[in-house]
>>> print(open('data28.pdb').read())   # PDB, C-alpha atoms
ATOM      1  CA  MET A  71      13.357  -6.069 -22.787
ATOM      2  CA  LYS A  72      12.107  -3.881 -19.975
ATOM      3  CA  LEU A  73       8.420  -3.192 -19.746
ATOM      4  CA  TYR A  74       7.374   0.049 -18.067
ATOM      5  CA  ARG A  75       3.883   0.487 -16.725
ATOM      6  CA  VAL A  76       2.423   3.618 -15.190
ATOM      7  CA  LEU A  77      -0.401   3.159 -12.708
ATOM      8  CA  PHE A  78      -2.356   6.186 -11.589
ATOM      9  CA  LEU A  79      -4.072   6.315  -8.243
ATOM     10  CA  LEU A  80      -7.338   5.996 -10.154
ATOM     11  CA  MET A  81      -6.355   2.508 -11.351
ATOM     12  CA  ILE A  82      -5.564   1.417  -7.809
ATOM     13  CA  GLY A  83      -9.223   1.885  -6.990
ATOM     14  CA  ASN A  84      -9.475   5.041  -4.899
ATOM     15  CA  LEU A  85     -11.524   7.355  -7.105
ATOM     16  CA  SER A  86     -12.000  10.049  -4.462
ATOM     17  CA  SER A  87      -8.285  10.744  -4.134
ATOM     18  CA  ALA A  88      -7.325  10.320  -7.777
ATOM     19  CA  PHE A  89      -7.639  14.033  -8.473
ATOM     20  CA  ALA A  90      -6.071  16.566  -6.132
ATOM     21  CA  THR A  91      -7.870  19.840  -5.505
ATOM     22  CA  GLU A  92      -5.720  22.948  -5.783
ATOM     23  CA  LEU A  93      -6.066  24.946  -2.574
ATOM     24  CA  GLY A  94      -3.897  27.852  -3.670
ATOM     25  CA  LYS A  95      -0.893  28.928  -5.678
ATOM     26  CA  ILE A  96       1.779  31.631  -5.533
ATOM     27  CA  SER A  97       4.134  32.644  -8.323
ATOM     28  CA  ALA A  98       6.033  35.727  -9.445
ATOM     29  CA  THR A  99       5.412  37.682 -12.630
ATOM     30  CA  ILE A 100       8.817  38.863 -13.881
ATOM     31  CA  ALA A 101       9.794  41.107 -16.815
ATOM     32  CA  ASN A 102      13.252  42.440 -17.704
ATOM     33  CA  ASP A 103      14.714  40.852 -14.563
ATOM     34  CA  GLN A 104      12.320  42.839 -12.347
ATOM     35  CA  LEU A 105       9.437  41.691 -10.177
ATOM     36  CA  ILE A 106       6.146  42.941 -11.608
ATOM     37  CA  SER A 107       3.847  41.296  -9.057
ATOM     38  CA  TYR A 108       3.157  38.178  -7.068
ATOM     39  CA  GLU A 109       0.186  36.157  -8.239
ATOM     40  CA  LEU A 110      -1.730  34.735  -5.258
ATOM     41  CA  SER A 111      -4.778  32.500  -5.134
ATOM     42  CA  GLY A 112      -6.736  30.438  -2.660
ATOM     43  CA  VAL A 113      -5.262  29.932   0.810
ATOM     44  CA  PHE A 114      -2.307  32.298   0.331
ATOM     45  CA  THR A 115      -3.110  35.393   2.401
ATOM     46  CA  GLY A 116      -0.354  37.852   1.519
ATOM     47  CA  GLN A 117       2.934  38.700  -0.125
ATOM     48  CA  PRO A 118       6.022  36.552   0.508
ATOM     49  CA  GLU A 119       8.196  37.815   3.356
ATOM     50  CA  TYR A 120      12.005  37.645   3.153
ATOM     51  CA  ASN A 121      14.390  37.539   6.103
ATOM     52  CA  HIS A 122      16.623  40.210   4.538
ATOM     53  CA  LYS A 123      16.667  42.267   1.360
ATOM     54  CA  TYR A 124      19.473  40.225  -0.201
ATOM     55  CA  ALA A 125      17.683  36.878   0.179
ATOM     56  CA  CYS A 126      16.318  36.906  -3.360
ATOM     57  CA  ASN A 127      16.414  38.532  -6.767
ATOM     58  CA  PHE A 128      14.706  38.159 -10.114
ATOM     59  CA  THR A 129      17.714  37.880 -12.407
ATOM     60  CA  TYR A 130      17.490  35.908 -15.661
ATOM     61  CA  ASN A 131      13.686  36.175 -15.507
ATOM     62  CA  SER A 132      13.672  33.766 -12.578
ATOM     63  CA  TRP A 133      12.567  34.075  -8.958
ATOM     64  CA  ARG A 134      15.774  33.135  -7.119
ATOM     65  CA  LEU A 135      16.857  32.582  -3.544
ATOM     66  CA  THR A 136      20.462  33.707  -3.626
ATOM     67  CA  ALA A 137      21.857  34.101  -0.096
ATOM     68  CA  ARG A 138      22.888  31.139   2.029
ATOM     69  CA  GLY A 139      20.463  31.123   4.933
ATOM     70  CA  GLY A 140      18.075  33.306   2.921
ATOM     71  CA  LYS A 141      14.443  32.592   3.752
ATOM     72  CA  VAL A 142      11.109  33.361   2.174
ATOM     73  CA  SER A 143       7.873  32.782   4.107
ATOM     74  CA  PHE A 144       4.474  32.337   2.533
ATOM     75  CA  PRO A 145       1.507  33.288   4.748
ATOM     76  CA  VAL A 146      -1.377  30.841   4.413
ATOM     77  CA  LYS A 147      -4.722  30.142   6.058
ATOM     78  CA  LEU A 148      -5.286  26.400   6.202
ATOM     79  CA  ASP A 149      -8.224  26.004   8.575
ATOM     80  CA  GLU A 150     -10.504  23.070   7.740
ATOM     81  CA  HIS A 151      -7.551  21.173   6.234
ATOM     82  CA  ASP A 152      -5.840  18.439   8.242
ATOM     83  CA  LYS A 153      -3.317  17.477   5.593
ATOM     84  CA  VAL A 154      -1.977  19.633   2.776
ATOM     85  CA  PHE A 155       0.651  18.891   0.142
ATOM     86  CA  ALA A 156       3.092  21.616  -0.898
ATOM     87  CA  ASN A 157       4.246  21.216  -4.506
ATOM     88  CA  PHE A 158       7.341  23.305  -5.216
ATOM     89  CA  THR A 159       8.216  23.799  -8.893
ATOM     90  CA  TRP A 160      11.866  24.799  -8.942
ATOM     91  CA  ALA A 161      15.347  24.113 -10.274
ATOM     92  CA  GLY A 162      18.833  23.750  -8.880
ATOM     93  CA  TRP A 163      22.113  21.908  -9.133
ATOM     94  CA  GLY A 164      21.293  18.791  -7.110
ATOM     95  CA  ALA A 165      23.704  18.432  -4.174
ATOM     96  CA  ASP A 166      24.860  22.027  -4.742
ATOM     97  CA  THR A 167      21.360  23.470  -4.173
ATOM     98  CA  ILE A 168      20.154  22.469  -0.725
ATOM     99  CA  VAL A 169      16.942  23.732   0.875
ATOM    100  CA  ASN A 170      15.069  23.408   4.146
ATOM    101  CA  ILE A 171      11.287  23.735   4.472
ATOM    102  CA  TYR A 172       9.420  24.670   7.649
ATOM    103  CA  PHE A 173       5.772  24.965   8.609
ATOM    104  CA  ASN A 174       5.250  27.371  11.505
ATOM    105  CA  GLY A 175       8.891  26.895  12.463
ATOM    106  CA  GLN A 176       8.700  23.090  12.493
ATOM    107  CA  PRO A 177      10.934  21.293   9.955
ATOM    108  CA  ILE A 178       9.170  19.539   7.093
ATOM    109  CA  ALA A 179      12.286  18.847   5.003
ATOM    110  CA  TYR A 180      15.929  19.424   5.882
ATOM    111  CA  GLY A 181      18.883  19.193   3.506
ATOM    112  CA  HIS A 182      16.706  18.524   0.445
ATOM    113  CA  GLU A 183      18.626  18.574  -2.850
ATOM    114  CA  VAL A 184      16.882  20.444  -5.675
ATOM    115  CA  HIS A 185      17.223  19.180  -9.246
ATOM    116  CA  GLY A 186      15.789  20.414 -12.518
ATOM    117  CA  HIS A 187      16.669  22.951 -15.192
ATOM    118  CA  ALA A 188      15.392  26.505 -14.703
ATOM    119  CA  TRP A 189      14.566  27.290 -18.319
ATOM    120  CA  ASN A 190      13.086  24.169 -19.818
ATOM    121  CA  SER A 191      12.454  21.408 -17.281
ATOM    122  CA  PRO A 192      12.049  22.449 -13.650
ATOM    123  CA  ALA A 193      11.456  19.734 -11.064
ATOM    124  CA  THR A 194       8.395  19.440  -8.852
ATOM    125  CA  ASP A 195       8.895  18.101  -5.341
ATOM    126  CA  THR A 196       5.999  17.439  -2.979
ATOM    127  CA  PHE A 197       6.051  17.696   0.812
ATOM    128  CA  GLU A 198       3.283  16.924   3.285
ATOM    129  CA  ILE A 199       2.274  19.836   5.518
ATOM    130  CA  PRO A 200       0.533  18.867   8.798
ATOM    131  CA  ALA A 201      -2.003  21.683   8.616
ATOM    132  CA  GLY A 202      -4.272  20.752  11.536
ATOM    133  CA  ASN A 203      -5.043  23.611  13.954
ATOM    134  CA  CYS A 204      -3.747  26.244  11.562
ATOM    135  CA  SER A 205      -5.767  29.372  10.989
ATOM    136  CA  ASP A 206      -4.593  32.957  10.496
ATOM    137  CA  ASN A 207      -0.862  33.192  11.194
ATOM    138  CA  CYS A 208       0.495  30.098   9.473
ATOM    139  CA  ARG A 209       3.625  30.194   7.337
ATOM    140  CA  ILE A 210       5.401  27.865   4.969
ATOM    141  CA  THR A 211       9.062  28.887   4.968
ATOM    142  CA  LEU A 212      11.636  27.963   2.358
ATOM    143  CA  GLU A 213      15.302  28.406   3.279
ATOM    144  CA  LEU A 214      18.413  28.145   1.136
ATOM    145  CA  ASP A 215      20.617  26.031   3.405
ATOM    146  CA  HIS A 216      23.864  27.491   4.777
ATOM    147  CA  ARG A 217      25.745  24.628   3.055
ATOM    148  CA  SER A 218      24.332  25.420  -0.395
ATOM    149  CA  PRO A 219      26.966  26.861  -2.734
ATOM    150  CA  MET A 220      24.408  27.476  -5.518
ATOM    151  CA  VAL A 221      21.157  29.443  -5.788
ATOM    152  CA  LEU A 222      17.593  28.141  -6.056
ATOM    153  CA  PHE A 223      15.367  28.993  -9.026
ATOM    154  CA  MET A 224      11.687  28.886  -8.088
ATOM    155  CA  LYS A 225       8.700  28.953 -10.410
ATOM    156  CA  ASP A 226       5.793  28.491  -8.017
ATOM    157  CA  LEU A 227       4.364  26.873  -4.915
ATOM    158  CA  THR A 228       1.016  25.093  -5.242
ATOM    159  CA  LEU A 229      -0.915  23.634  -2.313
ATOM    160  CA  THR A 230      -3.250  20.684  -2.850
ATOM    161  CA  ASP A 231      -5.412  18.506  -0.627
ATOM    162  CA  GLU A 232      -4.101  15.187  -1.957
ATOM    163  CA  ASN A 233      -0.769  13.759  -3.009
ATOM    164  CA  ASN A 234      -1.433  13.014  -6.672
ATOM    165  CA  LYS A 235       1.830  11.281  -7.555
ATOM    166  CA  VAL A 236       2.140   8.853 -10.427
ATOM    167  CA  ILE A 237       3.363   5.409  -9.451
ATOM    168  CA  ILE A 238       5.935   3.959 -11.848
ATOM    169  CA  ILE A 239       6.563   0.222 -11.863
ATOM    170  CA  LYS A 240       9.544  -1.256 -13.706
ATOM    171  CA  GLU A 241       9.490  -4.842 -14.874
ATOM    172  CA  GLU A 242      12.302  -6.698 -16.555
TER     173      GLU A 242
END
>>> encode(input="data28.pdb", output="structure tokens")
Amino acid sequence: MKLYRVLFLLMIGNLSSAFATELGKISATIANDQLISYELSGVFTGQPEYNHKYACNFTYNSWRLTARGGKVSFPVKLDEHDKVFANFTWAGWGADTIVNIYFNGQPIAYGHEVHGHAWNSPATDTFEIPAGNCSDNCRITLELDHRSPMVLFMKDLTLTDENNKVIIIKEE
């Protein structure tokens, strides 16, 4: 019989980093397959910027990147933060939904496969952003890779100051 134990960072003994602080969040409010507004908080400083008008749509009440090579950039102000974690809540078709993530043009993740179901169980993937020396004109850019035959469904992007992952240990 397999025994599964879940250990939180708190149990490891580092109380100060057991709870991540949300620095900011961006999401889209959608109704009848139309964008109503973008909801911004914290360190996000403006509306998302797309590389061309066909890079995204809001079909099926989802915020979608649809064009291969389509990019969306999120302007942020991250001064006073050396390390930030970007938590993308999204869905895709695994190896058929491939994304690249950049911070100020520098690659953070390349060829990342996105899993999850858009309507009932999106995935959350976390990436470290080296935020040092970033003030007014910083951007986190999400790109649907040129090799991706499928679209990306995105729910939101949340920035935190700590990586608050759960550690799962399997024992047999």
>>> residues_around(input="data28.pdb", residues="Ile100 in chain A", least_positions_apart="2", cutoff="10 Å", atoms="all atoms listed in the file", output="list in words")
Ser97, Ala98, Asn102, Asp103, Gln104, Leu105, Ile106, Ser107, Tyr108, Phe128, Thr129, Tyr130, Asn131, Ser132 and Trp133 of chain A
>>> residues_around(input="data28.pdb", residues="range 159-174 of chain A", least_positions_apart="4", cutoff="10 Å", atoms="only C-alpha atoms", output="PyMOL selection string")
chain A and resi 97+132-135+138-145+178-201+204+207-228
>>> closest_residue(input="data28.pdb", among="A:Pro177, A:Phe155, A:Gly202, A:Gly94", to="Val113 in chain A", atoms="all atoms listed in the file")
A:Gly94
>>> atom_distance(input="data28.pdb", atom1="CA of Leu148 in chain A", atom2="CA of Leu93 in chain A")
8.9 Å
>>> residues_near_point(input="data28.pdb", point="(20.7, 39.5, 1.6)", cutoff="7 Å", atoms="all atoms listed in the file", output="list in words")
His122, Lys123, Tyr124, Ala125, Ala137 and Gly140 of chain A
>>> axis_aligned_box(input="data28.pdb", around="range 200-215 of chain A", padding_each_side="5 Å", output="AutoDock Vina command-line options")
--center_x 7.4 --center_y 26.0 --center_z 7.5 --size_x 36.4 --size_y 24.3 --size_z 22.8
>>> atom_distance(input="data28.pdb", atom1="CA of Leu229 in chain A", atom2="CA of Gly112 in chain A")
9.0 Å
>>> atom_distance(input="data28.pdb", atom1="CA of Thr115 in chain A", atom2="CA of Lys147 in chain A")
6.6 Å
>>> closest_residue(input="data28.pdb", among="A:Glu109, A:Asp152, A:Glu232, A:Glu119", to="Ile96 in chain A", atoms="all atoms listed in the file")
A:Glu109
>>> closest_residue(input="data28.pdb", among="A:Asn127, A:Gln176, A:Ser111, A:Thr230", to="Thr91 in chain A", atoms="only C-alpha atoms")
A:Thr230
>>> decode(input="data28.pdb", residues="range 138-159 of chain A", atoms="N, CA, C and O atoms", output="compact mmCIF listing (two decimals), in the first residue's frame")
# COMPACT_ATOMS: atom_id res chain seq x y z
N ARG A 138 -0.13 31.50 -33.76
CA ARG A 138 1.25 31.06 -33.54
C ARG A 138 2.15 32.28 -33.60
O ARG A 138 2.06 33.09 -34.50
N GLY A 139 3.01 32.42 -32.61
CA GLY A 139 3.87 33.60 -32.53
C GLY A 139 3.17 34.80 -31.91
O GLY A 139 3.79 35.84 -31.73
N GLY A 140 1.89 34.64 -31.57
CA GLY A 140 1.15 35.73 -30.92
C GLY A 140 1.71 35.98 -29.53
O GLY A 140 2.00 35.04 -28.78
N LYS A 141 1.87 37.25 -29.19
CA LYS A 141 2.44 37.63 -27.90
C LYS A 141 1.52 38.59 -27.17
O LYS A 141 0.86 39.41 -27.79
N VAL A 142 1.54 38.48 -25.86
CA VAL A 142 0.89 39.46 -24.99
C VAL A 142 1.90 39.85 -23.92
O VAL A 142 2.56 38.99 -23.33
N SER A 143 2.08 41.15 -23.73
CA SER A 143 3.02 41.67 -22.74
C SER A 143 2.25 42.35 -21.61
O SER A 143 1.28 43.07 -21.86
N PHE A 144 2.72 42.12 -20.41
CA PHE A 144 2.11 42.68 -19.22
C PHE A 144 3.08 43.66 -18.59
O PHE A 144 4.13 43.26 -18.08
N PRO A 145 2.78 44.97 -18.62
CA PRO A 145 3.67 45.94 -17.99
C PRO A 145 3.58 45.86 -16.46
O PRO A 145 2.49 45.80 -15.90
N VAL A 146 4.75 45.81 -15.83
CA VAL A 146 4.82 45.71 -14.38
C VAL A 146 5.90 46.65 -13.84
O VAL A 146 6.82 47.03 -14.55
N LYS A 147 5.76 47.00 -12.58
CA LYS A 147 6.78 47.78 -11.87
C LYS A 147 7.21 46.96 -10.67
O LYS A 147 6.44 46.77 -9.73
N LEU A 148 8.43 46.44 -10.73
CA LEU A 148 8.88 45.48 -9.72
C LEU A 148 10.03 46.01 -8.88
O LEU A 148 10.80 45.21 -8.33
N ASP A 149 10.19 47.33 -8.77
CA ASP A 149 11.28 47.83 -7.94
C ASP A 149 11.07 47.36 -6.50
O ASP A 149 9.98 47.10 -6.06
N GLU A 150 12.18 47.21 -5.80
CA GLU A 150 12.22 46.71 -4.42
C GLU A 150 11.96 45.20 -4.32
O GLU A 150 11.79 44.67 -3.24
N HIS A 151 11.93 44.51 -5.45
CA HIS A 151 11.75 43.05 -5.44
C HIS A 151 12.90 42.43 -6.23
O HIS A 151 13.07 42.71 -7.40
N ASP A 152 13.69 41.59 -5.57
CA ASP A 152 14.79 40.92 -6.25
C ASP A 152 14.32 39.68 -6.98
O ASP A 152 14.81 39.35 -8.04
N LYS A 153 13.37 38.98 -6.39
CA LYS A 153 12.89 37.72 -6.97
C LYS A 153 11.37 37.72 -6.89
O LYS A 153 10.79 37.99 -5.85
N VAL A 154 10.75 37.42 -8.02
CA VAL A 154 9.29 37.38 -8.11
C VAL A 154 8.91 36.07 -8.79
O VAL A 154 9.62 35.58 -9.66
N PHE A 155 7.77 35.51 -8.40
CA PHE A 155 7.28 34.29 -9.02
C PHE A 155 6.01 34.59 -9.78
O PHE A 155 5.07 35.18 -9.24
N ALA A 156 6.00 34.22 -11.06
CA ALA A 156 4.84 34.43 -11.93
C ALA A 156 4.04 33.13 -11.96
O ALA A 156 4.56 32.08 -12.35
N ASN A 157 2.80 33.20 -11.51
CA ASN A 157 1.91 32.04 -11.46
C ASN A 157 0.85 32.20 -12.55
O ASN A 157 -0.07 33.00 -12.40
N PHE A 158 1.00 31.45 -13.63
CA PHE A 158 0.04 31.48 -14.72
C PHE A 158 -1.03 30.42 -14.48
O PHE A 158 -0.71 29.26 -14.28
N THR A 159 -2.30 30.82 -14.49
CA THR A 159 -3.40 29.87 -14.42
C THR A 159 -3.96 29.80 -15.83
O THR A 159 -4.43 30.80 -16.37
